[in-house]
Structures are given as structure tokens and as C-alpha cells.
$ cat upload18.pdb   # PDB, C-alpha atoms and all ligand atoms
ATOM      1  CA  MET G 370       0.000   0.000   0.000
ATOM      2  CA  ASN G 371       1.368   3.417  -0.968
ATOM      3  CA  PHE G 372       0.972   6.479   1.234
ATOM      4  CA  THR G 373       2.161   9.987   0.364
ATOM      5  CA  SER G 374       5.210  11.288   2.235
ATOM      6  CA  ASP G 375       3.083  14.253   3.238
ATOM      7  CA  LEU G 376       0.586  11.968   5.040
ATOM      8  CA  LEU G 377       3.370  10.002   6.749
ATOM      9  CA  ALA G 378       5.038  13.226   7.948
ATOM     10  CA  THR G 379       1.701  14.544   9.252
ATOM     11  CA  LEU G 380       1.310  11.379  11.318
ATOM     12  CA  ARG G 381       4.878  11.329  12.620
ATOM     13  CA  ASN G 382       4.615  14.956  13.719
ATOM     14  CA  ALA G 383       1.267  14.503  15.464
ATOM     15  CA  ARG G 384       1.157  14.769  19.250
ATOM     16  CA  ARG G 385      -2.582  14.403  19.776
ATOM     17  CA  ILE G 386      -4.739  12.161  17.627
ATOM     18  CA  LEU G 387      -8.487  11.672  17.676
ATOM     19  CA  VAL G 388      -9.741   8.448  16.107
ATOM     20  CA  PHE G 389     -13.431   8.664  15.227
ATOM     21  CA  THR G 390     -14.935   5.268  14.385
ATOM     22  CA  GLY G 391     -18.132   3.670  13.123
ATOM     23  CA  ALA G 392     -19.510   0.225  12.435
ATOM     24  CA  GLY G 393     -17.043  -0.402   9.567
ATOM     25  CA  VAL G 394     -14.229  -0.788  12.116
ATOM     26  CA  SER G 395     -15.976  -3.802  13.624
ATOM     27  CA  ALA G 396     -17.098  -5.259  10.279
ATOM     28  CA  GLU G 397     -13.974  -7.412   9.932
ATOM     29  CA  SER G 398     -14.663  -8.855  13.400
ATOM     30  CA  GLY G 399     -17.992 -10.086  12.047
ATOM     31  CA  VAL G 400     -20.276  -7.437  13.557
ATOM     32  CA  PRO G 401     -22.742  -6.408  10.838
ATOM     33  CA  THR G 402     -22.736  -2.716   9.901
ATOM     34  CA  PHE G 403     -25.969  -0.774   9.938
ATOM     35  CA  ARG G 404     -26.315   0.375   6.379
ATOM     36  CA  ASP G 405     -24.269  -1.898   4.121
ATOM     37  CA  ALA G 406     -26.801  -3.309   1.693
ATOM     38  CA  GLN G 407     -25.768  -6.985   1.829
ATOM     39  CA  THR G 408     -24.883  -7.525   5.461
ATOM     40  CA  GLY G 409     -26.428  -4.533   7.250
ATOM     41  CA  LEU G 410     -28.681  -5.405  10.162
ATOM     42  CA  TRP G 411     -31.240  -3.042   8.822
ATOM     43  CA  ALA G 412     -31.364  -4.655   5.415
ATOM     44  CA  LYS G 413     -33.650  -7.073   7.246
ATOM     45  CA  HIS G 414     -35.140  -4.755   9.875
ATOM     46  CA  ARG G 415     -36.171  -1.130   9.521
ATOM     47  CA  ALA G 416     -34.127   1.059  11.872
ATOM     48  CA  GLU G 417     -37.130   3.069  12.895
ATOM     49  CA  ASP G 418     -38.910  -0.154  13.929
ATOM     50  CA  LEU G 419     -36.150  -1.030  16.379
ATOM     51  CA  ALA G 420     -33.858   1.798  17.483
ATOM     52  CA  THR G 421     -36.235   4.425  18.827
ATOM     53  CA  PRO G 422     -37.959   4.923  22.198
ATOM     54  CA  ASP G 423     -41.336   4.749  20.422
ATOM     55  CA  ALA G 424     -40.472   1.378  18.915
ATOM     56  CA  PHE G 425     -39.517   0.048  22.344
ATOM     57  CA  LEU G 426     -42.802   1.246  23.865
ATOM     58  CA  ARG G 427     -44.758  -0.197  20.940
ATOM     59  CA  ASP G 428     -43.096  -3.618  20.946
ATOM     60  CA  PRO G 429     -40.674  -3.991  23.878
ATOM     61  CA  VAL G 430     -40.360  -7.760  23.461
ATOM     62  CA  MET G 431     -39.258  -7.516  19.832
ATOM     63  CA  VAL G 432     -36.776  -4.710  20.509
ATOM     64  CA  TRP G 433     -35.327  -6.426  23.602
ATOM     65  CA  ASN G 434     -34.990  -9.715  21.711
ATOM     66  CA  TRP G 435     -33.288  -7.967  18.802
ATOM     67  CA  TYR G 436     -30.654  -6.587  21.198
ATOM     68  CA  GLU G 437     -30.277  -9.986  22.844
ATOM     69  CA  TRP G 438     -29.655 -11.490  19.405
ATOM     70  CA  ARG G 439     -27.008  -8.864  18.666
ATOM     71  CA  ARG G 440     -25.378  -9.324  22.071
ATOM     72  CA  GLU G 441     -25.168 -13.044  21.394
ATOM     73  CA  LEU G 442     -23.457 -12.308  18.091
ATOM     74  CA  MET G 443     -21.075  -9.730  19.614
ATOM     75  CA  ARG G 444     -20.161 -12.023  22.511
ATOM     76  CA  LYS G 445     -18.490 -14.364  20.027
ATOM     77  CA  VAL G 446     -16.344 -11.813  18.177
ATOM     78  CA  GLU G 447     -12.804 -10.574  18.768
ATOM     79  CA  PRO G 448     -11.093  -7.249  18.063
ATOM     80  CA  ASN G 449      -9.639  -7.199  14.536
ATOM     81  CA  PRO G 450      -6.387  -5.698  13.146
ATOM     82  CA  ALA G 451      -8.051  -2.265  12.884
ATOM     83  CA  HIS G 452      -8.925  -2.163  16.617
ATOM     84  CA  LEU G 453      -5.447  -3.466  17.452
ATOM     85  CA  ALA G 454      -3.661  -0.894  15.264
ATOM     86  CA  ILE G 455      -5.730   1.910  16.813
ATOM     87  CA  ALA G 456      -4.787   0.652  20.287
ATOM     88  CA  ARG G 457      -1.113   0.453  19.259
ATOM     89  CA  LEU G 458      -1.131   4.127  18.242
ATOM     90  CA  GLU G 459      -0.959   4.871  21.979
ATOM     91  CA  GLN G 460       2.619   3.563  21.978
ATOM     92  CA  LEU G 461       3.578   5.827  19.064
ATOM     93  CA  VAL G 462       1.829   9.117  19.791
ATOM     94  CA  GLU G 463       1.681  11.214  22.974
ATOM     95  CA  ARG G 464      -2.120  11.281  23.293
ATOM     96  CA  VAL G 465      -4.737   9.195  21.478
ATOM     97  CA  THR G 466      -8.470   9.357  22.116
ATOM     98  CA  VAL G 467     -10.964   7.067  20.411
ATOM     99  CA  VAL G 468     -14.396   8.604  19.869
ATOM    100  CA  THR G 469     -16.640   5.775  18.769
ATOM    101  CA  GLN G 470     -20.215   5.425  17.622
ATOM    102  CA  ASN G 471     -19.928   1.682  18.215
ATOM    103  CA  VAL G 472     -21.626   0.061  21.181
ATOM    104  CA  ASP G 473     -19.741  -3.267  21.078
ATOM    105  CA  GLY G 474     -16.863  -2.418  23.450
ATOM    106  CA  LEU G 475     -14.234  -3.801  21.044
ATOM    107  CA  HIS G 476     -11.907  -0.776  21.235
ATOM    108  CA  ALA G 477     -11.442  -1.250  24.981
ATOM    109  CA  ARG G 478     -11.030  -4.995  24.521
ATOM    110  CA  ALA G 479      -8.280  -4.285  21.965
ATOM    111  CA  GLY G 480      -6.414  -2.205  24.555
ATOM    112  CA  SER G 481      -7.416   1.397  23.817
ATOM    113  CA  THR G 482      -7.407   3.170  27.175
ATOM    114  CA  ASP G 483      -9.200   6.409  26.331
ATOM    115  CA  VAL G 484     -12.479   5.605  24.604
ATOM    116  CA  ILE G 485     -15.467   7.946  24.405
ATOM    117  CA  GLU G 486     -18.675   6.081  23.558
ATOM    118  CA  LEU G 487     -21.076   8.484  21.853
ATOM    119  CA  HIS G 488     -23.928   6.006  21.366
ATOM    120  CA  GLY G 489     -23.603   4.094  24.632
ATOM    121  CA  ASN G 490     -22.624   0.503  25.273
ATOM    122  CA  VAL G 491     -24.718  -2.548  24.511
ATOM    123  CA  TRP G 492     -23.391  -4.444  27.548
ATOM    124  CA  THR G 493     -25.153  -2.026  29.906
ATOM    125  CA  ASN G 494     -28.843  -1.572  30.686
ATOM    126  CA  PHE G 495     -30.963   1.007  32.436
ATOM    127  CA  CYS G 496     -34.570   1.569  33.418
ATOM    128  CA  PHE G 497     -36.725   3.247  30.776
ATOM    129  CA  ASP G 498     -38.720   5.042  33.501
ATOM    130  CA  CYS G 499     -36.352   6.001  36.336
ATOM    131  CA  ARG G 500     -33.130   5.688  34.243
ATOM    132  CA  ARG G 501     -31.236   3.892  37.029
ATOM    133  CA  PRO G 502     -28.629   1.343  35.842
ATOM    134  CA  ALA G 503     -30.145  -2.136  35.876
ATOM    135  CA  ASP G 504     -28.765  -5.598  36.547
ATOM    136  CA  VAL G 505     -30.693  -8.114  34.481
ATOM    137  CA  SER G 506     -28.745 -11.260  35.280
ATOM    138  CA  ASP G 507     -31.583 -13.377  36.659
ATOM    139  CA  SER G 508     -34.711 -11.724  35.422
ATOM    140  CA  PRO G 509     -37.421 -14.055  34.130
ATOM    141  CA  GLN G 510     -39.265 -11.296  32.280
ATOM    142  CA  VAL G 511     -38.780  -9.973  28.737
ATOM    143  CA  PRO G 512     -37.823  -7.202  28.906
ATOM    144  CA  PRO G 513     -36.568  -7.414  32.501
ATOM    145  CA  ARG G 514     -38.100  -5.086  35.118
ATOM    146  CA  CYS G 515     -36.379  -2.452  37.202
ATOM    147  CA  SER G 516     -35.839  -3.522  40.816
ATOM    148  CA  HIS G 517     -36.498   0.061  42.015
ATOM    149  CA  CYS G 518     -39.649   1.111  40.174
ATOM    150  CA  GLY G 519     -40.831  -1.886  38.151
ATOM    151  CA  GLY G 520     -40.280  -0.040  34.851
ATOM    152  CA  MET G 521     -39.037  -1.810  31.748
ATOM    153  CA  VAL G 522     -35.285  -2.249  31.410
ATOM    154  CA  ARG G 523     -33.728  -1.216  28.081
ATOM    155  CA  PRO G 524     -30.248  -1.472  26.568
ATOM    156  CA  GLY G 525     -27.786   1.305  27.428
ATOM    157  CA  VAL G 526     -27.537   2.665  23.894
ATOM    158  CA  VAL G 527     -28.623   5.925  22.283
ATOM    159  CA  TRP G 528     -31.681   5.642  20.067
ATOM    160  CA  PHE G 529     -32.830   8.023  17.349
ATOM    161  CA  GLY G 530     -34.381  11.123  18.865
ATOM    162  CA  GLU G 531     -32.411  10.761  22.108
ATOM    163  CA  ALA G 532     -29.634  13.076  23.243
ATOM    164  CA  LEU G 533     -26.085  11.741  23.255
ATOM    165  CA  PRO G 534     -24.549  11.350  26.751
ATOM    166  CA  ALA G 535     -23.705  14.954  27.610
ATOM    167  CA  ALA G 536     -20.268  14.327  29.135
ATOM    168  CA  ALA G 537     -19.162  12.130  26.234
ATOM    169  CA  TRP G 538     -20.355  14.627  23.651
ATOM    170  CA  SER G 539     -18.785  17.670  25.281
ATOM    171  CA  ARG G 540     -15.470  15.897  25.806
ATOM    172  CA  ALA G 541     -15.367  14.789  22.170
ATOM    173  CA  TYR G 542     -16.297  18.265  20.978
ATOM    174  CA  ASP G 543     -13.731  19.986  23.214
ATOM    175  CA  LEU G 544     -10.978  17.698  21.932
ATOM    176  CA  LEU G 545     -11.425  19.206  18.469
ATOM    177  CA  GLN G 546      -9.641  22.302  19.762
ATOM    178  CA  SER G 547      -6.454  20.444  20.600
ATOM    179  CA  VAL G 548      -5.956  17.514  18.211
ATOM    180  CA  ASP G 549      -3.410  17.581  15.354
ATOM    181  CA  VAL G 550      -4.881  14.704  13.340
ATOM    182  CA  PHE G 551      -8.451  13.436  13.033
ATOM    183  CA  PHE G 552      -9.002   9.883  11.731
ATOM    184  CA  CYS G 553     -12.508   9.134  10.415
ATOM    185  CA  ILE G 554     -12.776   5.369  10.022
ATOM    186  CA  GLY G 555     -15.595   3.065   8.916
ATOM    187  CA  THR G 556     -18.588   5.337   9.230
ATOM    188  CA  SER G 557     -21.202   6.299   6.653
ATOM    189  CA  SER G 558     -21.290   9.729   8.342
ATOM    190  CA  LEU G 559     -25.057   9.846   8.025
ATOM    191  CA  VAL G 560     -26.000  10.025  11.687
ATOM    192  CA  GLU G 561     -25.922  13.388  13.428
ATOM    193  CA  PRO G 562     -24.645  14.942  15.603
ATOM    194  CA  ALA G 563     -21.687  12.474  15.520
ATOM    195  CA  ALA G 564     -21.081  13.137  11.815
ATOM    196  CA  SER G 565     -20.502  16.815  12.540
ATOM    197  CA  LEU G 566     -17.232  16.036  14.375
ATOM    198  CA  PRO G 567     -15.074  15.529  11.247
ATOM    199  CA  ARG G 568     -16.602  18.646   9.680
ATOM    200  CA  GLU G 569     -15.809  20.699  12.789
ATOM    201  CA  ALA G 570     -12.286  19.297  12.926
ATOM    202  CA  ARG G 571     -11.700  20.389   9.358
ATOM    203  CA  LEU G 572     -13.136  23.853  10.064
ATOM    204  CA  ASN G 573     -10.580  24.106  12.890
ATOM    205  CA  GLY G 574      -7.840  23.389  10.351
ATOM    206  CA  CYS G 575      -7.141  19.848  11.530
ATOM    207  CA  PRO G 576      -6.178  17.310   8.836
ATOM    208  CA  VAL G 577      -8.851  14.610   8.451
ATOM    209  CA  ILE G 578      -7.811  11.116   7.318
ATOM    210  CA  GLN G 579     -10.745   9.125   5.988
ATOM    211  CA  ILE G 580     -10.542   5.310   5.784
ATOM    212  CA  ASN G 581     -13.450   3.522   4.112
ATOM    213  CA  PRO G 582     -13.822   1.089   1.195
ATOM    214  CA  GLU G 583     -16.716   3.219  -0.085
ATOM    215  CA  PRO G 584     -17.095   6.929  -0.752
ATOM    216  CA  THR G 585     -18.987   8.967   1.859
ATOM    217  CA  SER G 586     -19.993  12.611   2.045
ATOM    218  CA  HIS G 587     -16.917  13.180   4.242
ATOM    219  CA  ASP G 588     -14.537  12.465   1.343
ATOM    220  CA  GLU G 589     -15.083  16.105   0.430
ATOM    221  CA  ILE G 590     -13.738  17.450   3.693
ATOM    222  CA  ALA G 591     -10.981  14.881   4.205
ATOM    223  CA  GLN G 592      -7.424  15.897   3.389
ATOM    224  CA  TYR G 593      -6.480  12.252   2.837
ATOM    225  CA  VAL G 594      -8.926   9.617   1.565
ATOM    226  CA  LEU G 595      -7.652   6.042   1.935
ATOM    227  CA  ARG G 596      -9.971   3.691   0.113
ATOM    228  CA  GLY G 597      -9.873   0.240   1.722
ATOM    229  CA  LYS G 598     -10.738  -1.902   4.707
ATOM    230  CA  ALA G 599      -9.758  -0.510   8.094
ATOM    231  CA  GLY G 600      -8.179  -3.829   9.128
ATOM    232  CA  GLU G 601      -5.829  -3.641   6.149
ATOM    233  CA  VAL G 602      -5.202   0.108   5.827
ATOM    234  CA  MET G 603      -4.545   0.908   9.511
ATOM    235  CA  PRO G 604      -1.791  -1.689  10.134
ATOM    236  CA  ALA G 605      -0.143  -0.787   6.789
ATOM    237  CA  LEU G 606      -0.279   2.914   7.591
ATOM    238  CA  LEU G 607       1.302   2.427  11.027
ATOM    239  CA  ALA G 608       4.042   0.245   9.542
ATOM    240  CA  ALA G 609       4.777   2.890   6.896
ATOM    241  CA  ALA G 610       4.770   5.847   9.292
ATOM    242  CA  TRP G 611       6.745   4.141  12.092
ATOM    243  CA  PRO G 612       8.805   1.408  10.381
ATOM    244  CA  THR G 613      10.808   0.739  13.525
ATOM    245  CA  GLY G 614       7.861   1.216  15.914
TER     246      GLY G 614
HETATM  247  C1  LIG G 701     -15.906  -0.221   6.389
HETATM  248  C2  LIG G 701     -15.603  -1.561   6.356
HETATM  249  C3  LIG G 701     -14.286  -1.906   6.668
HETATM  250  C4  LIG G 701     -17.688  -1.375   5.864
HETATM  251  N1  LIG G 701     -13.409  -0.952   6.970
HETATM  252  N2  LIG G 701     -15.024   0.714   6.693
HETATM  253  C5  LIG G 701     -29.379  16.712  11.687
HETATM  254  C6  LIG G 701     -29.809  16.462  10.398
HETATM  255  C7  LIG G 701     -30.651  15.376  10.126
HETATM  256  C8  LIG G 701     -31.071  14.518  11.140
HETATM  257  C9  LIG G 701     -30.638  14.778  12.411
HETATM  258  C10 LIG G 701     -29.818  15.858  12.678
HETATM  259  N3  LIG G 701     -29.525  15.842  14.009
HETATM  260  C11 LIG G 701     -30.153  14.793  14.567
HETATM  261  C12 LIG G 701     -30.840  14.123  13.629
HETATM  262  C13 LIG G 701     -31.681  12.910  13.846
HETATM  263  C14 LIG G 701     -30.873  11.641  13.968
HETATM  264  C15 LIG G 701     -30.116  11.421  12.665
HETATM  265  O1  LIG G 701     -28.938  11.626  12.564
HETATM  266  N4  LIG G 701     -30.815  10.945  11.666
HETATM  267  C16 LIG G 701     -30.208  10.688  10.353
HETATM  268  C17 LIG G 701     -30.190   9.185  10.091
HETATM  269  C18 LIG G 701     -30.941  11.438   9.315
HETATM  270  N5  LIG G 701     -29.972  11.672  15.120
HETATM  271  C19 LIG G 701     -30.389  11.403  16.349
HETATM  272  O2  LIG G 701     -31.557  11.144  16.569
HETATM  273  C20 LIG G 701     -29.380  11.468  17.467
HETATM  274  N6  LIG G 701     -29.895  12.213  18.546
HETATM  275  C21 LIG G 701     -30.061  13.542  18.491
HETATM  276  O3  LIG G 701     -29.644  14.225  17.583
HETATM  277  O4  LIG G 701     -30.715  14.052  19.577
HETATM  278  C22 LIG G 701     -31.052  15.439  19.614
HETATM  279  C23 LIG G 701     -31.629  15.694  20.987
HETATM  280  C24 LIG G 701     -31.098  16.693  21.756
HETATM  281  C25 LIG G 701     -31.617  16.933  23.033
HETATM  282  C26 LIG G 701     -32.674  16.161  23.511
HETATM  283  C27 LIG G 701     -33.193  15.147  22.744
HETATM  284  C28 LIG G 701     -32.672  14.910  21.457
HETATM  285  C29 LIG G 701     -29.122  10.074  18.037
HETATM  286  C30 LIG G 701     -28.491   9.143  17.078
HETATM  287  C31 LIG G 701     -28.387   7.750  17.696
HETATM  288  C32 LIG G 701     -27.877   6.719  16.709
HETATM  289  N7  LIG G 701     -28.073   5.403  17.246
HETATM  290  C33 LIG G 701     -27.618   4.264  16.483
HETATM  291  C34 LIG G 701     -28.112   2.979  17.210
HETATM  292  C35 LIG G 701     -27.269   2.690  18.435
HETATM  293  C36 LIG G 701     -27.750   1.483  19.166
HETATM  294  C37 LIG G 701     -27.597   0.213  18.396
HETATM  295  O5  LIG G 701     -26.468  -0.192  18.073
HETATM  296  O6  LIG G 701     -28.615  -0.401  18.128
HETATM  297  O7  LIG G 701     -26.189   4.273  16.373
HETATM  298  S1  LIG G 701     -28.147   4.287  14.778
HETATM  299  C38 LIG G 701     -26.686   3.571  14.120
HETATM  300  O8  LIG G 701     -26.036   4.529  13.242
HETATM  301  C39 LIG G 701     -25.751   3.377  15.320
HETATM  302  C40 LIG G 701     -24.438   3.818  14.737
HETATM  303  O9  LIG G 701     -23.545   4.173  15.792
HETATM  304  C41 LIG G 701     -24.815   4.969  13.857
HETATM  305  C42 LIG G 701     -23.801   5.313  12.806
HETATM  306  O10 LIG G 701     -23.649   4.299  11.881
HETATM  307  P1  LIG G 701     -22.211   3.979  11.278
HETATM  308  O11 LIG G 701     -21.300   3.585  12.358
HETATM  309  O12 LIG G 701     -21.774   5.103  10.409
HETATM  310  O13 LIG G 701     -22.511   2.666  10.427
HETATM  311  P2  LIG G 701     -23.030   2.493   8.938
HETATM  312  O14 LIG G 701     -23.534   1.109   8.772
HETATM  313  O15 LIG G 701     -23.957   3.588   8.571
HETATM  314  O16 LIG G 701     -21.742   2.673   8.022
HETATM  315  C43 LIG G 701     -20.723   1.715   8.010
HETATM  316  C44 LIG G 701     -19.584   2.247   7.168
HETATM  317  O17 LIG G 701     -18.505   1.345   7.255
HETATM  318  C45 LIG G 701     -19.924   2.373   5.669
HETATM  319  O18 LIG G 701     -19.497   3.645   5.209
HETATM  320  C46 LIG G 701     -19.087   1.258   5.020
HETATM  321  O19 LIG G 701     -18.643   1.589   3.716
HETATM  322  C47 LIG G 701     -17.933   1.173   5.976
HETATM  323  N8  LIG G 701     -17.243  -0.115   6.017
HETATM  324  N9  LIG G 701     -16.728  -2.265   5.968
HETATM  325  C48 LIG G 701     -13.797   0.342   6.932
HETATM  326  N10 LIG G 701     -13.893  -3.219   6.629
HETATM  327 ZN    ZN G 702     -36.767   2.126  37.369
END
$ encode --input "upload18.pdb" --output "C-alpha cells"
Amino acid sequence: MNFTSDLLATLRNARRILVFTGAGVSAESGVPTFRDAQTGLWAKHRAEDLATPDAFLRDPVMVWNWYEWRRELMRKVEPNPAHLAIARLEQLVERVTVVTQNVDGLHARAGSTDVIELHGNVWTNFCFDCRRPADVSDSPQVPPRCSHCGGMVRPGVVWFGEALPAAAWSRAYDLLQSVDVFFCIGTSSLVEPAASLPREARLNGCPVIQINPEPTSHDEIAQYVLRGKAGEVMPALLAAAWPTG
């Protein structure tokens, strides 16, 4: 794989890197993406039937079971070379923060130590009514009930129409002021407000490196567009930028 000397120098000179990721980063682990036509989860299910508070209230059993099915699938997967290369960046650069839209926890499992989860984490649950964290380990009901108020327990993810966790969002947004390089990897960049982060980074004058096998609207704002799979491009890029690293 060939990278321009300009890109390699930009990486070597970087002190603070933000790595913004989407479902494409976990695709090579076997986690289906959301919008890829062939394998996307929502090729079979309509997003608005499953990932909204209204959908949960309308059919809580179906939505809970859909998340259980996905958890089952995610339990069996491992971090792939893209997650591992992103984690390894921490040994090469002073400060690396991963800002992910993914809910699978694979960045942390790969060894990344500073991960901001914008859309929550599928391994957590909380009460739809009182919003307290919920332990569902031995609940006979579907969905499980809250031990405090009896409300329905839901997965700890962010659905359409819901605000992103305030602390996660403001930390990610504030980082845009201080990072030297912004990676945008494996996201269709269709879901707001997350998709505004690369745009804001570029407005701040930060170089954006886009890695995706397909074009996205963010190709326009990216300084470097690397067309390919994250699990192939990221390890090759690290090897080229830090050959002795
Ligand atoms: C590879 C690869 C390989 C494949 N290597 N790459 C402004 C304009 C218009 C609409 C809105 C707006 N602001 C807000 C909205 C509404 C809405 C929205 O964005 N709608 C759009 C769809 C139109 N946003 C919201 O509702 C958000 N909330 C909000 O704004 O609240 C406001 C508010 C404020 C105050 C009070 C109340 C409300 C919330 C969004 C939540 C998104 N949730 C989901 C589900 C999470 C739980 C779950 O997992 O079930 O998050 S939706 C889904 O999309 C999931 C993802 O994190 C997210 C992004 O998807 P991603 O990661 O980009 O995946 P894909 O599949 O789209 O793309 C995969 C990419 O990988 C592709 O490009 C492939 O080519 C690539 N790829 N293989 C590298 N090997
Ligand atoms: Zn409750």
C-alpha cells in the first residue's frame, strides 16, 4: 500500500490524535454494519422499527430480543487488526483518544485506554422510567423489570431522537480544539450529531484522514482519503509511518 510522504510526515509529527470510528471498524470482526446493503442489520429490519424509544414502547419484546440477538453475536467476536492498530497508536503518539459510535466495546477490549462512547454501550442496561442502571442477570421477564420502580429495562444505547450522553459529547467536541490529526474510520457519516465532528475538525484546520472502502460525504472534507478496509489500511499505515515502531 502506498501512502504519500506528506501523510506520513503529518502522522509522525502529530502529538494528539483523535480516532473517530463507526460500524465499519468492527465489520472485519464479524459485527454487521448498519447500512451496508448486503450484510447490514437493517437490510432485514427497519431502523425506525427497532432503534427508537417509540419502537420500544410499541413492541418492547421484539426490541429487547433484537438486542439480545445482537449481544449473542457480539459475545463471540474478537477485536480485529483495525482495533489493534488503533490501540497500538498509543505507543507511538503522545495522546490518542478514540471517539466511537460503536456500542460493542471492542476498542477497549483491543487495549485502547481512552475511549469515548457516543452512542452508549450494549453491555449495559438502564430503566426506561427512572433511568437507574439495571442488573438483568436473573430476570425471568422480557424485557426485565427495574428492581427500584418496576419499569421496563432497556439497553444502554442511544436511540434516534435521544440526546447523546452529555459528558461524552462535550469531551469529544472539546478535543477538536487540541488535536493535530483526526481519523474518520468506517462510518457512513449519516448520523448526526456524531457526523458533525469531522466537519468541525476540518473547520478548525485539523487534517482529516478518511478510511473507508466506499465513498462517503466526508470524502469532500478529508485531506487524505484512503480507500480500503480498516483492518488492512490501519496496520499498513502504522508500519509505513513508524517502520521501527
Ligand atoms: C468499512 C468496512 C471496513 C464497511 N473498513 N469501513 C441533523 C440532520 C438530520 C437529522 C438529524 C440531525 N440531528 C439529529 C438528527 C436525527 C438523527 C439522525 O442523525 N438521523 C439521520 C439518520 C438522518 N440523530 C439522532 O436522533 C441522534 N440524537 C439527536 O440528535 O438528539 C437530539 C436531541 C437533543 C436533546 C434532547 C433530545 C434529542 C441520536 C443518534 C443515535 C444513533 N443510534 C444508532 C443505534 C445505536 C444502538 C444500536 O447499536 O442499536 O447508532 S443508529 C446507528 O447509526 C448506530 C451507529 O452508531 C450509527 C452510525 O452508523 P455507522 O457507524 O456510520 O454505520 P453504517 O452502517 O452507517 O456505516 C458503516 C460504514 O462502514 C460504511 O461507510 C461502510 O462503507 C464502511 N465499512 N466495511 C472500513 N472493513
Ligand atoms: Zn426504574
$ atom_distance --input "upload18.pdb" --atom1 "CA of Thr469 (chain G)" --atom2 "CA of Thr613 (chain G)"
28.4 Å
$ resolve_selection --input "upload18.pdb" --expression "the PyMOL selection byres (((chain G and resi 560) around 12) and not hetatm)" --output "JSON, numbers by chain"
{"G": [391, 392, 403, 404, 470, 487, 488, 527, 528, 529, 530, 533, 556, 557, 558, 559, 561, 562, 563, 564, 565, 566, 586]}
$ residues_around --input "upload18.pdb" --residues "region 421-429 of chain G" --least-positions-apart "3" --cutoff "10 Å" --atoms "only C-alpha atoms" --output "PyMOL selection string"
chain G and resi 416-418+432-435+497+511-512+521-523+527-531
$ axis_aligned_box --input "upload18.pdb" --around "region 578-589 of chain G" --padding-each-side "5 Å" --output "JSON"
{"center_x": -13.9, "center_y": 8.6, "center_z": 3.3, "size_x": 22.2, "size_y": 25.0, "size_z": 18.1}
$ resolve_selection --input "upload18.pdb" --expression "the PyMOL selection byres (((chain G and resi 484) around 10) and not hetatm)" --output "list in words"
Val388, Phe389, Val465, Thr466, Val467, Val468, Thr469, Gly474, His476, Ala477, Gly480, Ser481, Thr482, Asp483, Ile485, Glu486, Leu487, Ala537 and Ala541 of chain G
$ resolve_selection --input "upload18.pdb" --expression "the PyMOL selection byres (((not hetatm)) within 9 of (chain G and resi 702))" --output "PyMOL selection string"
chain G and resi 495-503+514-522
$ atom_distance --input "upload18.pdb" --atom1 "CA of Pro448 (chain G)" --atom2 "CA of His587 (chain G)"
25.3 Å
$ atom_distance --input "upload18.pdb" --atom1 "CA of Arg384 (chain G)" --atom2 "CA of Pro576 (chain G)"
13.0 Å
$ closest_residue --input "upload18.pdb" --among "G:Val446, G:Ser547, G:Leu461, G:Pro513" --to "Asn382 (chain G)" --atoms "all atoms listed in the file"
G:Leu461
$ residues_around --input "upload18.pdb" --residues "Val548 (chain G)" --least-positions-apart "4" --cutoff "8 Å" --atoms "only C-alpha atoms" --output "MDAnalysis selection string"
chainID G and resid 384:387 544 575
$ write_last_selection --input "upload18.pdb" --atoms "C-alpha atoms" --output "PDB file, keeping the file's coordinate frame"
ATOM      1  CA  ARG G 384       1.157  14.769  19.250  1.00  0.00           C
ATOM      2  CA  ARG G 385      -2.582  14.403  19.776  1.00  0.00           C
ATOM      3  CA  ILE G 386      -4.739  12.161  17.627  1.00  0.00           C
ATOM      4  CA  LEU G 387      -8.487  11.672  17.676  1.00  0.00           C
ATOM      5  CA  LEU G 544     -10.978  17.698  21.932  1.00  0.00           C
ATOM      6  CA  CYS G 575      -7.141  19.848  11.530  1.00  0.00           C
TER       7      CYS G 575
END
$ closest_residue --input "upload18.pdb" --among "G:Gly489, G:Pro582, G:Gly399, G:Gly555" --to "Gly525 (chain G)" --atoms "all atoms listed in the file"
G:Gly489
$ closest_residue --input "upload18.pdb" --among "G:Pro534, G:Pro524, G:Pro567, G:Pro604" --to "Gln592 (chain G)" --atoms "only C-alpha atoms"
G:Pro567
$ closest_residue --input "upload18.pdb" --among "G:Tyr542, G:Tyr436, G:Trp492, G:Tyr593" --to "ligand LIG 701 (chain G)" --atoms "only C-alpha atoms and all ligand atoms"
G:Tyr436
$ closest_residue --input "upload18.pdb" --among "G:Gly574, G:Gly614, G:Asn471, G:Leu606" --to "Phe372 (chain G)" --atoms "all atoms listed in the file"
G:Leu606
$ residues_around --input "upload18.pdb" --residues "Gly597 (chain G)" --least-positions-apart "5" --cutoff "9 Å" --atoms "only C-alpha atoms" --output "VMD selection string"
chain G and resid 580 to 583 602
$ closest_residue --input "upload18.pdb" --among "G:Trp438, G:Pro612, G:Thr585, G:Lys413" --to "ligand LIG 701 (chain G)" --atoms "all atoms listed in the file"
G:Thr585
